[in-house]
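Reviewing the structure listed below.
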Amino acid sequence: MSRRDELQAQVAGRIVLAQFILTLAFAAGALAFAQTTALSILIGGGACTLATSLFAASVFGPYEARRPQALVGRIIGAEIGKLILVIGIFVFAFARVDDLNVPAMLAAYFAVQVLPAIIAPYWGAGSKP
């Protein structure tokens, strides 16, 4: 693995870690309001973090640079897997969690997905906006 590939994998790892920390922080903050809201936030943020982890593990594994089409295939496959995983977690939550706070779950998913990408450039993960 080249130095650039290692740096990209490190950035992906930092983003997953940031997602995990944000999920826990949002859920801890929601405990002040209601346990069901905190659980909903854990489900939404956890689904996002788990799906991103699956994607990163699939894409940043070893591959041959001579075959870029294989990398494109891995990215597409990882996105499809990510989508299936998130839909499965959400369907399970809708079916099994009493008093699920759907807006909180979806807001947590969105926030945990977007916020690390906004702050990633300040970690040396590309150009700053």
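By order in the structure tokens, chains are A, B, ...; within a chain, residues start at 1; ligands start at 1, following the order shown.
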
Contacts of segment 42-52 of chain A at 10 Å or less, counting only C-alpha atoms, minus same-chain residues fewer than 6 places along, as a tab-separated table (two decimals) with N, CA, C and O atoms, in the first residue's frame?
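Result file follows (selection-v4.tsv):
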```tsv
chain	number	residue	atom	x	y	z
A	12	ALA	N	-10.25	7.89	6.47
A	12	ALA	CA	-11.49	7.12	6.60
A	12	ALA	C	-11.68	6.63	8.03
A	12	ALA	O	-12.79	6.71	8.58
A	13	GLY	N	-10.61	6.18	8.64
A	13	GLY	CA	-10.68	5.74	10.04
A	13	GLY	C	-11.04	6.88	10.98
A	13	GLY	O	-11.83	6.71	11.91
A	15	ILE	N	-12.78	9.52	10.17
A	15	ILE	CA	-14.18	9.87	9.94
A	15	ILE	C	-15.10	8.90	10.67
A	15	ILE	O	-16.07	9.31	11.30
A	16	VAL	N	-14.79	7.62	10.63
A	16	VAL	CA	-15.59	6.63	11.36
A	16	VAL	C	-15.52	6.91	12.87
A	16	VAL	O	-16.54	6.86	13.57
A	17	LEU	N	-14.33	7.22	13.37
A	17	LEU	CA	-14.19	7.55	14.79
A	17	LEU	C	-15.00	8.80	15.14
A	17	LEU	O	-15.69	8.84	16.17
A	18	ALA	N	-14.94	9.82	14.30
A	18	ALA	CA	-15.72	11.04	14.54
A	18	ALA	C	-17.22	10.73	14.53
A	18	ALA	O	-17.97	11.27	15.36
A	19	GLN	N	-17.65	9.87	13.63
A	19	GLN	CA	-19.06	9.49	13.60
A	19	GLN	C	-19.47	8.79	14.89
A	19	GLN	O	-20.54	9.06	15.44
A	20	PHE	N	-18.62	7.91	15.38
A	20	PHE	CA	-18.89	7.19	16.62
A	20	PHE	C	-18.99	8.16	17.80
A	20	PHE	O	-19.93	8.10	18.59
A	21	ILE	N	-18.04	9.08	17.89
A	21	ILE	CA	-18.03	10.05	18.99
A	21	ILE	C	-19.26	10.97	18.91
A	21	ILE	O	-19.90	11.24	19.93
A	22	LEU	N	-19.59	11.44	17.71
A	22	LEU	CA	-20.78	12.28	17.55
A	22	LEU	C	-22.05	11.54	17.95
A	22	LEU	O	-22.94	12.12	18.60
A	23	THR	N	-22.15	10.28	17.56
A	23	THR	CA	-23.33	9.49	17.93
A	23	THR	C	-23.48	9.41	19.44
A	23	THR	O	-24.56	9.65	19.98
A	24	LEU	N	-22.38	9.10	20.12
A	24	LEU	CA	-22.45	9.01	21.58
A	24	LEU	C	-22.75	10.36	22.22
A	24	LEU	O	-23.53	10.45	23.18
A	25	ALA	N	-22.16	11.42	21.70
A	25	ALA	CA	-22.39	12.76	22.25
A	25	ALA	C	-23.84	13.19	22.06
A	25	ALA	O	-24.47	13.71	23.00
A	26	PHE	N	-24.39	12.98	20.87
A	26	PHE	CA	-25.78	13.35	20.62
A	26	PHE	C	-26.73	12.54	21.50
A	26	PHE	O	-27.70	13.07	22.05
A	27	ALA	N	-26.46	11.24	21.64
A	27	ALA	CA	-27.32	10.39	22.46
A	27	ALA	C	-27.23	10.79	23.94
A	27	ALA	O	-28.25	10.81	24.64
A	28	ALA	N	-26.03	11.10	24.41
A	28	ALA	CA	-25.87	11.53	25.80
A	28	ALA	C	-26.63	12.84	26.04
A	28	ALA	O	-27.28	13.01	27.08
A	30	ALA	N	-29.27	13.80	24.46
A	30	ALA	CA	-30.70	13.52	24.36
A	30	ALA	C	-31.23	12.84	25.62
A	30	ALA	O	-32.44	12.88	25.87
A	36	THR	N	-36.19	7.40	25.06
A	36	THR	CA	-36.57	6.93	23.72
A	36	THR	C	-35.92	7.80	22.63
A	36	THR	O	-35.55	7.29	21.58
A	58	SER	N	-14.44	-2.16	2.96
A	58	SER	CA	-14.53	-2.72	1.61
A	58	SER	C	-13.66	-1.99	0.60
A	58	SER	O	-13.02	-2.61	-0.24
A	78	ALA	N	-19.76	-1.60	-2.30
A	78	ALA	CA	-19.79	-1.10	-0.92
A	78	ALA	C	-20.96	-0.15	-0.71
A	78	ALA	O	-21.61	-0.18	0.35
A	79	GLU	N	-21.26	0.69	-1.69
A	79	GLU	CA	-22.41	1.60	-1.56
A	79	GLU	C	-23.72	0.82	-1.52
A	79	GLU	O	-24.62	1.16	-0.75
A	81	GLY	N	-24.06	-2.28	-0.48
A	81	GLY	CA	-24.08	-2.93	0.83
A	81	GLY	C	-24.44	-1.96	1.94
A	81	GLY	O	-25.19	-2.29	2.86
A	82	LYS	N	-23.91	-0.75	1.85
A	82	LYS	CA	-24.21	0.29	2.84
A	82	LYS	C	-25.71	0.61	2.83
A	82	LYS	O	-26.33	0.71	3.89
A	83	LEU	N	-26.27	0.76	1.65
A	83	LEU	CA	-27.69	1.07	1.52
A	83	LEU	C	-28.56	-0.05	2.08
A	83	LEU	O	-29.51	0.20	2.84
A	84	ILE	N	-28.23	-1.28	1.76
A	84	ILE	CA	-28.99	-2.43	2.26
A	84	ILE	C	-28.91	-2.50	3.79
A	84	ILE	O	-29.91	-2.74	4.47
A	85	LEU	N	-27.72	-2.28	4.33
A	85	LEU	CA	-27.54	-2.32	5.78
A	85	LEU	C	-28.37	-1.24	6.48
A	85	LEU	O	-29.08	-1.52	7.46
A	86	VAL	N	-28.32	-0.02	5.99
A	86	VAL	CA	-29.06	1.08	6.61
A	86	VAL	C	-30.57	0.83	6.52
A	86	VAL	O	-31.29	1.01	7.51
A	87	ILE	N	-31.04	0.42	5.37
A	87	ILE	CA	-32.47	0.13	5.23
A	87	ILE	C	-32.88	-0.98	6.18
A	87	ILE	O	-33.92	-0.90	6.84
A	88	GLY	N	-32.06	-2.02	6.29
A	88	GLY	CA	-32.36	-3.12	7.20
A	88	GLY	C	-32.43	-2.66	8.65
A	88	GLY	O	-33.34	-3.05	9.40
A	89	ILE	N	-31.49	-1.84	9.07
A	89	ILE	CA	-31.49	-1.35	10.45
A	89	ILE	C	-32.72	-0.47	10.70
A	89	ILE	O	-33.38	-0.60	11.73
A	90	PHE	N	-33.05	0.39	9.75
A	90	PHE	CA	-34.22	1.26	9.92
A	90	PHE	C	-35.52	0.45	9.94
A	90	PHE	O	-36.41	0.72	10.75
A	93	ALA	N	-35.77	-1.17	13.26
A	93	ALA	CA	-36.11	-0.18	14.28
A	93	ALA	C	-37.60	0.18	14.21
A	93	ALA	O	-38.26	0.27	15.25
A	97	VAL	N	-38.90	-1.20	17.80
A	97	VAL	CA	-38.66	-0.22	18.86
A	97	VAL	C	-39.95	0.54	19.14
A	97	VAL	O	-40.48	1.22	18.26
A	100	LEU	N	-40.41	4.89	18.92
A	100	LEU	CA	-39.26	5.36	18.15
A	100	LEU	C	-39.49	6.80	17.73
A	100	LEU	O	-40.54	7.14	17.20
A	102	VAL	N	-38.76	8.98	15.15
A	102	VAL	CA	-38.26	8.91	13.77
A	102	VAL	C	-37.51	10.18	13.36
A	102	VAL	O	-36.43	10.09	12.78
A	103	PRO	N	-38.04	11.38	13.65
A	103	PRO	CA	-37.27	12.57	13.27
A	103	PRO	C	-35.88	12.62	13.94
A	103	PRO	O	-34.90	13.00	13.29
A	104	ALA	N	-35.81	12.23	15.20
A	104	ALA	CA	-34.51	12.22	15.88
A	104	ALA	C	-33.57	11.19	15.26
A	104	ALA	O	-32.37	11.46	15.09
A	105	MET	N	-34.10	10.03	14.91
A	105	MET	CA	-33.28	8.99	14.29
A	105	MET	C	-32.73	9.46	12.94
A	105	MET	O	-31.54	9.31	12.66
A	106	LEU	N	-33.59	10.03	12.12
A	106	LEU	CA	-33.16	10.48	10.80
A	106	LEU	C	-32.23	11.68	10.90
A	106	LEU	O	-31.27	11.79	10.13
A	107	ALA	N	-32.51	12.59	11.84
A	107	ALA	CA	-31.64	13.75	12.02
A	107	ALA	C	-30.26	13.31	12.50
A	107	ALA	O	-29.24	13.85	12.05
A	108	ALA	N	-30.21	12.33	13.38
A	108	ALA	CA	-28.92	11.82	13.85
A	108	ALA	C	-28.16	11.17	12.71
A	108	ALA	O	-26.94	11.37	12.57
A	109	TYR	N	-28.85	10.39	11.89
A	109	TYR	CA	-28.19	9.77	10.74
A	109	TYR	C	-27.58	10.84	9.84
A	109	TYR	O	-26.41	10.76	9.45
A	110	PHE	N	-28.37	11.85	9.53
A	110	PHE	CA	-27.90	12.92	8.65
A	110	PHE	C	-26.73	13.68	9.28
A	110	PHE	O	-25.71	13.92	8.62
A	111	ALA	N	-26.86	14.07	10.53
A	111	ALA	CA	-25.81	14.85	11.19
A	111	ALA	C	-24.52	14.05	11.30
A	111	ALA	O	-23.43	14.58	11.05
A	112	VAL	N	-24.63	12.78	11.66
A	112	VAL	CA	-23.43	11.94	11.81
A	112	VAL	C	-22.79	11.67	10.45
A	112	VAL	O	-21.58	11.51	10.35
A	113	GLN	N	-23.57	11.67	9.39
A	113	GLN	CA	-23.03	11.48	8.04
A	113	GLN	C	-22.32	12.74	7.55
A	113	GLN	O	-21.25	12.67	6.95
```
